[in-house]
file start_8.cif (mmCIF, C-alpha atoms (C1' of nucleotides) and all ligand atoms)
data_work
#
loop_
_atom_site.group_PDB
_atom_site.id
_atom_site.type_symbol
_atom_site.label_atom_id
_atom_site.label_comp_id
_atom_site.auth_asym_id
_atom_site.auth_seq_id
_atom_site.Cartn_x
_atom_site.Cartn_y
_atom_site.Cartn_z
ATOM 1 C CA MET A 1 -0.014 12.110 -95.859
ATOM 2 C CA ILE A 2 -0.271 8.619 -97.277
ATOM 3 C CA ASN A 3 -2.738 6.201 -95.719
ATOM 4 C CA TYR A 4 -0.929 3.337 -94.065
ATOM 5 C CA THR A 5 -3.972 1.501 -92.767
ATOM 6 C CA ASN A 6 -3.457 -1.534 -94.953
ATOM 7 C CA ASN A 7 0.275 -1.669 -94.354
ATOM 8 C CA LEU A 8 -0.382 -1.913 -90.641
ATOM 9 C CA ARG A 9 -3.121 -4.511 -91.036
ATOM 10 C CA GLU A 10 -0.919 -6.655 -93.223
ATOM 11 C CA HIS A 11 1.311 -6.939 -90.188
ATOM 12 C CA ASN A 12 -1.574 -7.724 -87.863
ATOM 13 C CA LEU A 13 -1.518 -4.295 -86.326
ATOM 14 C CA LYS A 14 -4.688 -2.351 -85.712
ATOM 15 C CA ALA A 15 -4.651 0.924 -87.564
ATOM 16 C CA THR A 16 -4.958 3.379 -84.706
ATOM 17 C CA PRO A 17 -4.391 7.096 -85.261
ATOM 18 C CA GLN A 18 -1.234 6.875 -83.163
ATOM 19 C CA ARG A 19 0.177 4.074 -85.263
ATOM 20 C CA LEU A 20 -0.703 5.793 -88.487
ATOM 21 C CA ALA A 21 1.182 8.845 -87.265
ATOM 22 C CA ILE A 22 4.196 6.795 -86.183
ATOM 23 C CA THR A 23 4.222 5.166 -89.580
ATOM 24 C CA ASP A 24 3.994 8.484 -91.347
ATOM 25 C CA ILE A 25 6.865 9.898 -89.303
ATOM 26 C CA LEU A 26 9.007 6.853 -90.011
ATOM 27 C CA TYR A 27 8.196 7.089 -93.684
ATOM 28 C CA THR A 28 9.046 10.765 -93.801
ATOM 29 C CA LYS A 29 12.138 10.756 -91.615
ATOM 30 C CA GLY A 30 13.509 7.363 -92.573
ATOM 31 C CA HIS A 31 15.308 6.663 -89.286
ATOM 32 C CA ILE A 32 14.298 8.022 -85.903
ATOM 33 C CA SER A 33 15.140 7.548 -82.222
ATOM 34 C CA VAL A 34 12.613 6.901 -79.468
ATOM 35 C CA GLU A 35 12.996 10.336 -77.974
ATOM 36 C CA VAL A 36 12.643 12.224 -81.236
ATOM 37 C CA LEU A 37 9.667 10.106 -82.209
ATOM 38 C CA TYR A 38 8.053 10.912 -78.878
ATOM 39 C CA GLU A 39 8.647 14.642 -79.334
ATOM 40 C CA MET A 40 7.130 14.577 -82.794
ATOM 41 C CA MET A 41 4.164 12.530 -81.655
ATOM 42 C CA GLN A 42 3.464 14.958 -78.828
ATOM 43 C CA LYS A 43 2.867 17.664 -81.399
ATOM 44 C CA LYS A 44 0.101 15.625 -82.944
ATOM 45 C CA PHE A 45 -1.337 14.023 -79.797
ATOM 46 C CA TYR A 46 -1.565 16.385 -76.899
ATOM 47 C CA SER A 47 -1.436 13.715 -74.195
ATOM 48 C CA ILE A 48 0.198 10.706 -75.776
ATOM 49 C CA SER A 49 1.950 8.460 -73.284
ATOM 50 C CA LEU A 50 5.571 7.497 -73.660
ATOM 51 C CA ALA A 51 4.408 3.975 -72.859
ATOM 52 C CA THR A 52 2.363 4.041 -76.041
ATOM 53 C CA ILE A 53 5.509 4.814 -77.992
ATOM 54 C CA TYR A 54 7.408 1.947 -76.403
ATOM 55 C CA LYS A 55 4.549 -0.507 -76.643
ATOM 56 C CA ASN A 56 4.096 0.278 -80.298
ATOM 57 C CA ILE A 57 7.761 0.108 -81.134
ATOM 58 C CA ASN A 58 8.015 -3.274 -79.458
ATOM 59 C CA LEU A 59 4.915 -4.676 -81.073
ATOM 60 C CA MET A 60 5.868 -3.334 -84.480
ATOM 61 C CA ILE A 61 9.268 -4.967 -84.181
ATOM 62 C CA GLU A 62 7.692 -8.273 -83.133
ATOM 63 C CA ASN A 63 5.460 -8.098 -86.193
ATOM 64 C CA SER A 64 8.373 -7.159 -88.444
ATOM 65 C CA PHE A 65 6.733 -3.902 -89.420
ATOM 66 C CA ILE A 66 9.742 -1.908 -88.249
ATOM 67 C CA GLN A 67 13.329 -2.673 -87.323
ATOM 68 C CA GLU A 68 15.868 -1.378 -84.876
ATOM 69 C CA VAL A 69 19.189 -0.106 -86.166
ATOM 70 C CA LYS A 70 21.916 -0.200 -83.528
ATOM 71 C CA ILE A 71 24.515 2.440 -84.259
ATOM 72 C CA PRO A 72 27.996 2.430 -82.712
ATOM 73 C CA ASN A 73 28.410 5.186 -80.122
ATOM 74 C CA ALA A 74 24.890 6.491 -80.630
ATOM 75 C CA LYS A 75 21.313 5.768 -79.726
ATOM 76 C CA SER A 76 19.343 3.241 -81.696
ATOM 77 C CA VAL A 77 17.052 4.405 -84.445
ATOM 78 C CA TYR A 78 14.033 2.688 -85.949
ATOM 79 C CA GLU A 79 12.907 2.366 -89.529
ATOM 80 C CA LEU A 80 10.134 0.765 -91.533
ATOM 81 C CA THR A 81 11.118 -2.724 -92.647
ATOM 82 C CA LYS A 82 12.376 -2.679 -96.198
ATOM 83 C CA GLU A 83 14.633 -4.914 -98.222
ATOM 84 C CA GLU A 84 17.929 -5.684 -96.542
ATOM 85 C CA HIS A 85 20.364 -2.834 -96.788
ATOM 86 C CA SER A 86 23.369 -1.343 -95.059
ATOM 87 C CA HIS A 87 23.897 2.023 -93.410
ATOM 88 C CA LEU A 88 26.163 4.980 -93.709
ATOM 89 C CA VAL A 89 26.277 7.133 -90.586
ATOM 90 C CA CYS A 90 27.809 10.552 -90.059
ATOM 91 C CA GLN A 91 29.516 10.722 -86.683
ATOM 92 C CA LYS A 92 29.041 14.466 -86.513
ATOM 93 C CA CYS A 93 25.529 15.318 -87.701
ATOM 94 C CA ASN A 94 24.164 11.808 -87.081
ATOM 95 C CA GLU A 95 22.660 11.536 -90.545
ATOM 96 C CA VAL A 96 21.768 7.934 -91.377
ATOM 97 C CA LEU A 97 21.719 6.890 -95.023
ATOM 98 C CA ASP A 98 20.499 3.660 -96.556
ATOM 99 C CA ILE A 99 22.985 2.087 -98.909
ATOM 100 C CA LYS A 100 22.753 -1.003 -101.037
ATOM 101 C CA ILE A 101 25.828 -3.173 -100.777
ATOM 102 C CA ASP A 102 26.140 -6.674 -102.111
ATOM 103 C CA LEU A 103 27.387 -8.868 -99.288
ATOM 104 C CA ASP A 104 26.477 -12.178 -100.888
ATOM 105 C CA SER A 105 29.987 -13.351 -101.581
ATOM 106 C CA ILE A 106 31.130 -12.381 -98.084
ATOM 107 C CA VAL A 107 28.181 -14.225 -96.570
ATOM 108 C CA THR A 108 28.771 -17.304 -98.684
ATOM 109 C CA LYS A 109 32.478 -17.443 -97.964
ATOM 110 C CA THR A 110 31.969 -16.917 -94.248
ATOM 111 C CA SER A 111 29.183 -19.487 -94.049
ATOM 112 C CA ASP A 112 31.447 -22.068 -95.598
ATOM 113 C CA ALA A 113 34.545 -21.172 -93.644
ATOM 114 C CA TYR A 114 32.834 -21.238 -90.256
ATOM 115 C CA HIS A 115 30.020 -23.697 -90.915
ATOM 116 C CA PHE A 116 27.535 -21.040 -89.921
ATOM 117 C CA ASN A 117 24.062 -20.753 -91.334
ATOM 118 C CA ILE A 118 24.044 -16.989 -91.735
ATOM 119 C CA LYS A 119 20.584 -15.438 -91.716
ATOM 120 C CA ASN A 120 21.230 -11.716 -91.433
ATOM 121 C CA SER A 121 24.012 -9.354 -92.240
ATOM 122 C CA ASN A 122 24.368 -6.015 -90.645
ATOM 123 C CA LEU A 123 26.867 -3.483 -91.957
ATOM 124 C CA ILE A 124 27.290 0.050 -90.680
ATOM 125 C CA LEU A 125 29.929 2.359 -92.098
ATOM 126 C CA SER A 126 30.659 5.410 -89.968
ATOM 127 C CA GLY A 127 32.509 8.584 -90.807
ATOM 128 C CA LEU A 128 31.905 12.109 -91.950
ATOM 129 C CA CYS A 129 29.418 13.166 -94.552
ATOM 130 C CA GLN A 130 30.344 15.682 -97.218
ATOM 131 C CA ASN A 131 29.017 18.611 -95.220
ATOM 132 C CA CYS A 132 30.739 17.645 -91.994
ATOM 133 C CA GLN A 133 34.241 16.833 -93.182
ATOM 134 C CA MET B 1 47.111 -15.407 -65.420
ATOM 135 C CA ILE B 2 49.058 -12.978 -67.541
ATOM 136 C CA ASN B 3 50.077 -9.650 -66.029
ATOM 137 C CA TYR B 4 48.317 -6.801 -67.776
ATOM 138 C CA THR B 5 49.783 -3.978 -65.737
ATOM 139 C CA ASN B 6 51.679 -2.439 -68.623
ATOM 140 C CA ASN B 7 48.822 -2.847 -71.054
ATOM 141 C CA LEU B 8 46.628 -0.829 -68.738
ATOM 142 C CA ARG B 9 49.274 1.825 -68.144
ATOM 143 C CA GLU B 10 49.862 2.244 -71.840
ATOM 144 C CA HIS B 11 46.261 3.375 -71.990
ATOM 145 C CA ASN B 12 46.658 5.721 -69.045
ATOM 146 C CA LEU B 13 44.785 3.429 -66.732
ATOM 147 C CA LYS B 14 46.024 2.696 -63.234
ATOM 148 C CA ALA B 15 46.630 -0.995 -62.758
ATOM 149 C CA THR B 16 44.244 -1.768 -59.934
ATOM 150 C CA PRO B 17 43.450 -5.361 -58.963
ATOM 151 C CA GLN B 18 39.910 -4.889 -60.238
ATOM 152 C CA ARG B 19 41.103 -3.690 -63.621
ATOM 153 C CA LEU B 20 43.635 -6.465 -63.911
ATOM 154 C CA ALA B 21 40.861 -8.950 -63.253
ATOM 155 C CA ILE B 22 38.535 -7.319 -65.782
ATOM 156 C CA THR B 23 41.298 -7.453 -68.329
ATOM 157 C CA ASP B 24 42.004 -11.071 -67.594
ATOM 158 C CA ILE B 25 38.336 -11.980 -67.957
ATOM 159 C CA LEU B 26 38.077 -10.115 -71.243
ATOM 160 C CA TYR B 27 41.210 -11.802 -72.485
ATOM 161 C CA THR B 28 39.939 -15.221 -71.510
ATOM 162 C CA LYS B 29 36.327 -14.875 -72.605
ATOM 163 C CA GLY B 30 36.834 -12.660 -75.618
ATOM 164 C CA HIS B 31 33.443 -10.952 -75.504
ATOM 165 C CA ILE B 32 31.373 -10.390 -72.392
ATOM 166 C CA SER B 33 28.280 -8.497 -71.274
ATOM 167 C CA VAL B 34 28.104 -6.160 -68.300
ATOM 168 C CA GLU B 35 26.037 -8.543 -66.257
ATOM 169 C CA VAL B 36 28.214 -11.582 -66.857
ATOM 170 C CA LEU B 37 31.339 -9.552 -66.178
ATOM 171 C CA TYR B 38 29.814 -8.403 -62.904
ATOM 172 C CA GLU B 39 28.952 -11.961 -61.896
ATOM 173 C CA MET B 40 32.457 -13.154 -62.649
ATOM 174 C CA MET B 41 34.043 -10.241 -60.826
ATOM 175 C CA GLN B 42 31.935 -10.913 -57.755
ATOM 176 C CA LYS B 43 33.591 -14.302 -57.459
ATOM 177 C CA LYS B 44 36.984 -12.645 -57.173
ATOM 178 C CA PHE B 45 35.990 -9.543 -55.197
ATOM 179 C CA TYR B 46 33.541 -10.237 -52.440
ATOM 180 C CA SER B 47 32.075 -6.729 -52.324
ATOM 181 C CA ILE B 48 32.801 -5.164 -55.676
ATOM 182 C CA SER B 49 30.322 -2.476 -56.632
ATOM 183 C CA LEU B 50 28.431 -2.577 -59.901
ATOM 184 C CA ALA B 51 29.379 1.072 -60.190
ATOM 185 C CA THR B 52 33.004 0.013 -60.372
ATOM 186 C CA ILE B 53 32.171 -2.194 -63.340
ATOM 187 C CA TYR B 54 30.397 0.609 -65.160
ATOM 188 C CA LYS B 55 32.985 3.230 -64.311
ATOM 189 C CA ASN B 56 35.755 1.002 -65.573
ATOM 190 C CA ILE B 57 33.965 -0.008 -68.730
ATOM 191 C CA ASN B 58 33.320 3.623 -69.547
ATOM 192 C CA LEU B 59 36.839 4.758 -68.785
ATOM 193 C CA MET B 60 38.375 1.866 -70.654
ATOM 194 C CA ILE B 61 36.258 2.701 -73.695
ATOM 195 C CA GLU B 62 37.257 6.363 -73.492
ATOM 196 C CA ASN B 63 40.893 5.311 -73.412
ATOM 197 C CA SER B 64 40.398 2.861 -76.273
ATOM 198 C CA PHE B 65 41.468 -0.052 -74.140
ATOM 199 C CA ILE B 66 38.209 -1.893 -74.806
ATOM 200 C CA GLN B 67 35.345 -1.563 -77.249
ATOM 201 C CA GLU B 68 31.619 -2.109 -77.214
ATOM 202 C CA VAL B 69 30.078 -4.497 -79.716
ATOM 203 C CA LYS B 70 26.401 -3.800 -80.335
ATOM 204 C CA ILE B 71 24.648 -6.966 -81.391
ATOM 205 C CA PRO B 72 21.225 -7.016 -83.094
ATOM 206 C CA ASN B 73 18.501 -8.317 -80.777
ATOM 207 C CA ALA B 74 20.912 -8.931 -77.921
ATOM 208 C CA LYS B 75 22.786 -7.134 -75.196
ATOM 209 C CA SER B 76 26.045 -5.410 -75.961
ATOM 210 C CA VAL B 77 29.293 -7.178 -75.243
ATOM 211 C CA TYR B 78 32.734 -5.730 -74.624
ATOM 212 C CA GLU B 79 36.139 -6.821 -75.835
ATOM 213 C CA LEU B 80 39.750 -5.766 -75.616
ATOM 214 C CA THR B 81 40.647 -3.452 -78.471
ATOM 215 C CA LYS B 82 42.352 -5.358 -81.235
ATOM 216 C CA GLU B 83 42.805 -4.807 -84.936
ATOM 217 C CA GLU B 84 39.576 -4.078 -86.777
ATOM 218 C CA HIS B 85 37.527 -7.171 -87.382
ATOM 219 C CA SER B 86 33.986 -8.328 -87.965
ATOM 220 C CA HIS B 87 31.732 -10.611 -85.948
ATOM 221 C CA LEU B 88 29.805 -13.784 -86.395
ATOM 222 C CA VAL B 89 27.029 -14.258 -83.860
ATOM 223 C CA CYS B 90 24.916 -17.303 -83.141
ATOM 224 C CA GLN B 91 21.317 -16.297 -82.532
ATOM 225 C CA LYS B 92 20.695 -19.360 -80.404
ATOM 226 C CA CYS B 93 23.695 -19.879 -78.109
ATOM 227 C CA ASN B 94 24.907 -16.268 -78.393
ATOM 228 C CA GLU B 95 28.447 -17.286 -79.235
ATOM 229 C CA VAL B 96 30.413 -14.356 -80.671
ATOM 230 C CA LEU B 97 33.296 -15.082 -83.025
ATOM 231 C CA ASP B 98 35.895 -12.726 -84.410
ATOM 232 C CA ILE B 99 36.292 -12.949 -88.151
ATOM 233 C CA LYS B 100 38.639 -11.177 -90.497
ATOM 234 C CA ILE B 101 36.890 -9.845 -93.566
ATOM 235 C CA ASP B 102 38.396 -7.505 -96.073
ATOM 236 C CA LEU B 103 36.005 -4.591 -96.498
ATOM 237 C CA ASP B 104 38.470 -2.254 -98.173
ATOM 238 C CA SER B 105 36.907 -2.302 -101.593
ATOM 239 C CA ILE B 106 33.429 -1.808 -100.141
ATOM 240 C CA VAL B 107 34.678 1.097 -98.066
ATOM 241 C CA THR B 108 36.473 2.695 -100.994
ATOM 242 C CA LYS B 109 33.530 2.342 -103.349
ATOM 243 C CA THR B 110 31.077 3.679 -100.801
ATOM 244 C CA SER B 111 33.328 6.588 -99.850
ATOM 245 C CA ASP B 112 33.504 7.639 -103.468
ATOM 246 C CA ALA B 113 29.865 7.089 -104.266
ATOM 247 C CA TYR B 114 28.549 9.034 -101.288
ATOM 248 C CA HIS B 115 31.403 11.485 -100.710
ATOM 249 C CA PHE B 116 31.747 10.156 -97.201
ATOM 250 C CA ASN B 117 35.005 10.013 -95.297
ATOM 251 C CA ILE B 118 34.504 6.566 -93.792
ATOM 252 C CA LYS B 119 36.432 5.990 -90.604
ATOM 253 C CA ASN B 120 35.018 2.748 -89.226
ATOM 254 C CA SER B 121 33.247 -0.255 -90.569
ATOM 255 C CA ASN B 122 31.136 -2.497 -88.478
ATOM 256 C CA LEU B 123 29.908 -5.811 -89.822
ATOM 257 C CA ILE B 124 27.942 -8.390 -87.854
ATOM 258 C CA LEU B 125 26.734 -11.594 -89.453
ATOM 259 C CA SER B 126 24.064 -13.431 -87.483
ATOM 260 C CA GLY B 127 22.775 -16.937 -87.805
ATOM 261 C CA LEU B 128 23.231 -20.379 -86.383
ATOM 262 C CA CYS B 129 26.534 -21.956 -85.483
ATOM 263 C CA GLN B 130 27.306 -25.536 -86.412
ATOM 264 C CA ASN B 131 26.110 -26.888 -83.074
ATOM 265 C CA CYS B 132 22.854 -24.959 -83.064
ATOM 266 C CA GLN B 133 21.585 -25.543 -86.590
ATOM 267 C "C1'" DT C 1 -25.388 -0.352 -83.745
ATOM 268 C "C1'" DA C 2 -23.568 -3.810 -80.351
ATOM 269 C "C1'" DT C 3 -19.735 -6.624 -78.871
ATOM 270 C "C1'" DT C 4 -15.189 -7.374 -77.657
ATOM 271 C "C1'" DA C 5 -10.313 -7.817 -77.828
ATOM 272 C "C1'" DA C 6 -6.880 -4.749 -78.256
ATOM 273 C "C1'" DA C 7 -4.870 -0.230 -77.638
ATOM 274 C "C1'" DA C 8 -4.296 4.217 -75.254
ATOM 275 C "C1'" DG C 9 -3.195 6.861 -71.240
ATOM 276 C "C1'" DA C 10 -1.731 7.518 -66.422
ATOM 277 C "C1'" DA C 11 0.895 6.036 -63.024
ATOM 278 C "C1'" DA C 12 3.699 2.813 -60.644
ATOM 279 C "C1'" DA C 13 7.307 -0.489 -60.984
ATOM 280 C "C1'" DT C 14 11.489 -2.232 -62.616
ATOM 281 C "C1'" DA C 15 15.895 -2.132 -64.999
ATOM 282 C "C1'" DA C 16 19.941 0.148 -66.467
ATOM 283 C "C1'" DT C 17 23.253 3.527 -65.848
ATOM 284 C "C1'" DT C 18 25.389 7.487 -63.653
ATOM 285 C "C1'" DA C 19 26.532 10.627 -59.846
ATOM 286 C "C1'" DT C 20 27.859 11.610 -55.137
ATOM 287 C "C1'" DC C 21 30.486 11.159 -51.166
ATOM 288 C "C1'" DC C 22 33.576 9.130 -48.264
ATOM 289 C "C1'" DT C 23 37.424 5.743 -47.762
ATOM 290 C "C1'" DT C 24 41.243 3.389 -49.735
ATOM 291 C "C1'" DT C 25 45.123 2.890 -52.742
ATOM 292 C "C1'" DA C 26 48.402 3.098 -56.890
ATOM 293 C "C1'" DA C 27 52.072 5.683 -58.412
ATOM 294 C "C1'" DG C 28 55.871 8.636 -58.039
ATOM 295 C "C1'" DG C 29 59.202 11.655 -55.575
ATOM 296 C "C1'" DG C 30 62.207 12.333 -51.920
ATOM 297 C "C1'" DC D 1 60.906 2.626 -47.978
ATOM 298 C "C1'" DC D 2 57.719 6.547 -46.313
ATOM 299 C "C1'" DC D 3 54.781 10.691 -47.968
ATOM 300 C "C1'" DT D 4 51.742 12.889 -50.810
ATOM 301 C "C1'" DT D 5 48.053 13.088 -53.823
ATOM 302 C "C1'" DA D 6 45.115 12.278 -57.596
ATOM 303 C "C1'" DA D 7 42.547 8.676 -58.859
ATOM 304 C "C1'" DA D 8 39.828 4.556 -57.894
ATOM 305 C "C1'" DG D 9 36.756 1.651 -55.105
ATOM 306 C "C1'" DG D 10 32.472 0.870 -52.479
ATOM 307 C "C1'" DA D 11 27.950 2.185 -50.772
ATOM 308 C "C1'" DT D 12 24.179 4.409 -51.879
ATOM 309 C "C1'" DA D 13 21.299 7.856 -53.981
ATOM 310 C "C1'" DA D 14 19.787 9.782 -58.167
ATOM 311 C "C1'" DT D 15 18.709 9.704 -62.812
ATOM 312 C "C1'" DT D 16 17.284 7.733 -67.078
ATOM 313 C "C1'" DA D 17 15.247 4.176 -69.811
ATOM 314 C "C1'" DT D 18 11.903 0.821 -70.314
ATOM 315 C "C1'" DT D 19 8.093 -2.155 -68.859
ATOM 316 C "C1'" DT D 20 4.014 -3.275 -66.276
ATOM 317 C "C1'" DT D 21 -0.438 -2.583 -64.383
ATOM 318 C "C1'" DC D 22 -4.899 -0.951 -64.432
ATOM 319 C "C1'" DT D 23 -8.690 1.635 -66.089
ATOM 320 C "C1'" DT D 24 -10.877 3.852 -70.017
ATOM 321 C "C1'" DT D 25 -11.435 4.223 -74.866
ATOM 322 C "C1'" DT D 26 -11.729 2.506 -79.475
ATOM 323 C "C1'" DA D 27 -10.943 -0.253 -83.954
ATOM 324 C "C1'" DA D 28 -12.671 -4.085 -86.077
ATOM 325 C "C1'" DT D 29 -16.433 -7.109 -87.144
ATOM 326 C "C1'" DA D 30 -20.681 -9.000 -87.206
HETATM 327 MN MN MN A 201 17.827 1.966 -93.080
HETATM 328 MN MN MN A 202 35.514 -9.129 -81.445
HETATM 329 ZN ZN ZN A 203 27.402 14.995 -91.198
HETATM 330 ZN ZN ZN A 204 25.045 -21.604 -81.451
#
call {"tool": "encode", "arguments": {"input": "start_8.cif", "output": "C-alpha cells", "more": "lines below"}}
Ligand SMILES: [Mn+2]
Ligand SMILES: [Mn+2]
Ligand SMILES: [Zn+2]
Ligand SMILES: [Zn+2]
result
Amino acid sequence: MINYTNNLREHNLKATPQRLAITDILYTKGHISVEVLYEMMQKKFYSISLATIYKNINLMIENSFIQEVKIPNAKSVYELTKEEHSHLVCQKCNEVLDIKIDLDSIVTKTSDAYHFNIKNSNLILSGLCQNCQ
Amino acid sequence: MINYTNNLREHNLKATPQRLAITDILYTKGHISVEVLYEMMQKKFYSISLATIYKNINLMIENSFIQEVKIPNAKSVYELTKEEHSHLVCQKCNEVLDIKIDLDSIVTKTSDAYHFNIKNSNLILSGLCQNCQ
DNA sequence: TATTAAAAGAAAATAATTATCCTTTAAGGG
DNA sequence: CCCTTAAAGGATAATTATTTTCTTTTAATA
C-alpha cells in the first residue's frame, strides 16, 4: 500500500488514516460509488461513520483531489483527479474504463461556433464490453 | 399551445392534462429540472402532487418519451427525446444548449480499440456563454 | 510534549425520491 | 353517449440519500 500522505497534503487535506484508506481504495479500484466505498471502508474501520465518507468526498472534491463521474442511468462514481480523459462504460457489468480521446478540434470548433469559452469536456461512451456482448 | 395527445399516445402514455402540460413545458423550455418543472406545474394545477411529477418523469423515461441529462456539478435536467445530440452548458447562468457534433469516427475508433459495442455517446461541454464571460 | 484547528463518530435533521392507498379519469366498447 | 376498467392523480407515509450538529479524538506544528 503506497503512502499517500503527501498527495493529500498537497491538496490541503490532513492525512488521516481514513483518508489514506479512501485514497488507496480509489487508487486500486479506479472508480467507485459512495456505497461501495463505504462497504470497503467498514472492513478497515470497524465503526466508521457514513458521514465521514460524505464529508471526505465533498471536501476532496472541493480541493480537486478527486472528481465525480456522472454516468447515464447509473450511480455516480468517484476517482482520483488525473489528466482530463473520457470514459467507456459497460451497461451490463458497470465496468468503467478511462480512455484518452482528443477532443481539441471539437472544443475549438464549438467554442467558435457558439461563442462559448469552454472549460471542460465530458464524454461518456456507453455500451457492452467484450465479455458482456 | 400545441396538442401533444398523439405524441404521448405513441409512447403508450395516456394523455392526461398534467402530462400535456409537462410536455408543453418541456417543449417550450427545452431542458428543465424537477424542481422548476414542479414550480411551473403548480401554476397550472393548484394542487398537483410532487409525486405526480416524479411518477410521470419516471414513466416517460421508461417509455423513451423524455430523457435525463446529467450535468457535471449541477442538477439533472430533462428533455423531450430527440435525435442524439450533445450539450453545451454555461457554468454561470446554467443555460443548456443542444449542439450537433459528429462523434461517429470517435465511436468507431473506440469501439475497435477496446472491443466495445458502443450504443450511446454522451458529450457535455461546460464553460461560459457569451453573456457570462 | 502542549496547543489547537480540523476531523471522526453518533445521532438528528433535511432533502430527494418512491410507495401506498384511496379517488378520479382517460380510453375504448357497446 | 353511457359503462367499465386499468391507469393516473393527490395526499401522505415511507424510504433513501445526504447534510448538519455536537461531542470526542487526533494530526499538525511549534
Ligand atoms: Mn476516470
Ligand atoms: Mn438536449
Ligand atoms: Zn461488461
Ligand atoms: Zn451564461
call {"tool": "residues_near_ligand", "arguments": {"input": "start_8.cif", "ligand": "ligand MN 202 (chain A)", "cutoff": "10 Å", "atoms": "all atoms listed in the file", "output": "number ranges by chain"}}
result
B: 30-31, 67-69, 77-88, 96-100, 124
call {"tool": "closest_residue", "arguments": {"input": "start_8.cif", "among": "A:Asn120, A:Asn3, A:Ala113, A:Gln42", "to": "Thr16 of chain A", "atoms": "all atoms listed in the file"}}
result
A:Asn3
call {"tool": "resolve_selection", "arguments": {"input": "start_8.cif", "expression": "the PyMOL selection byres ((chain A and not hetatm) within 7 of (chain C))", "output": "list of chain:residue names"}}
result
A:Ile48, A:Ser49, A:Thr52
call {"tool": "resolve_selection", "arguments": {"input": "start_8.cif", "expression": "the PyMOL selection byres (((not hetatm)) within 12 of (chain A and resi 203))", "output": "ChimeraX atom specification"}}
result
/A:88-97,126-133 /B:114-118
call {"tool": "atom_distance", "arguments": {"input": "start_8.cif", "atom1": "atom C1' of DT23 of chain D", "atom2": "atom CA of Phe45 of chain A"}}
result
19.9 Å
call {"tool": "interface_residues", "arguments": {"input": "start_8.cif", "of": "chain B", "to": "chain D", "cutoff": "12 Å", "atoms": "all atoms listed in the file", "output": "VMD selection string"}}
result
chain B and resid 12 to 19 45 to 56 59
call {"tool": "closest_residue", "arguments": {"input": "start_8.cif", "among": "A:Lys119, A:Leu103, A:Ile71, A:Ser111", "to": "ligand MN 201 (chain A)", "atoms": "all atoms listed in the file"}}
result
A:Ile71
call {"tool": "atom_distance", "arguments": {"input": "start_8.cif", "atom1": "atom CA of Ile61 of chain A", "atom2": "atom CA of Leu125 of chain B"}}
result
19.4 Å
call {"tool": "atom_distance", "arguments": {"input": "start_8.cif", "atom1": "atom CA of Thr5 of chain A", "atom2": "atom CA of Ile66 of chain A"}}
result
14.8 Å
call {"tool": "closest_residue", "arguments": {"input": "start_8.cif", "among": "A:Lys29, A:Lys70, A:Lys44, A:Lys109", "to": "chain B", "atoms": "all atoms listed in the file"}}
result
A:Lys70
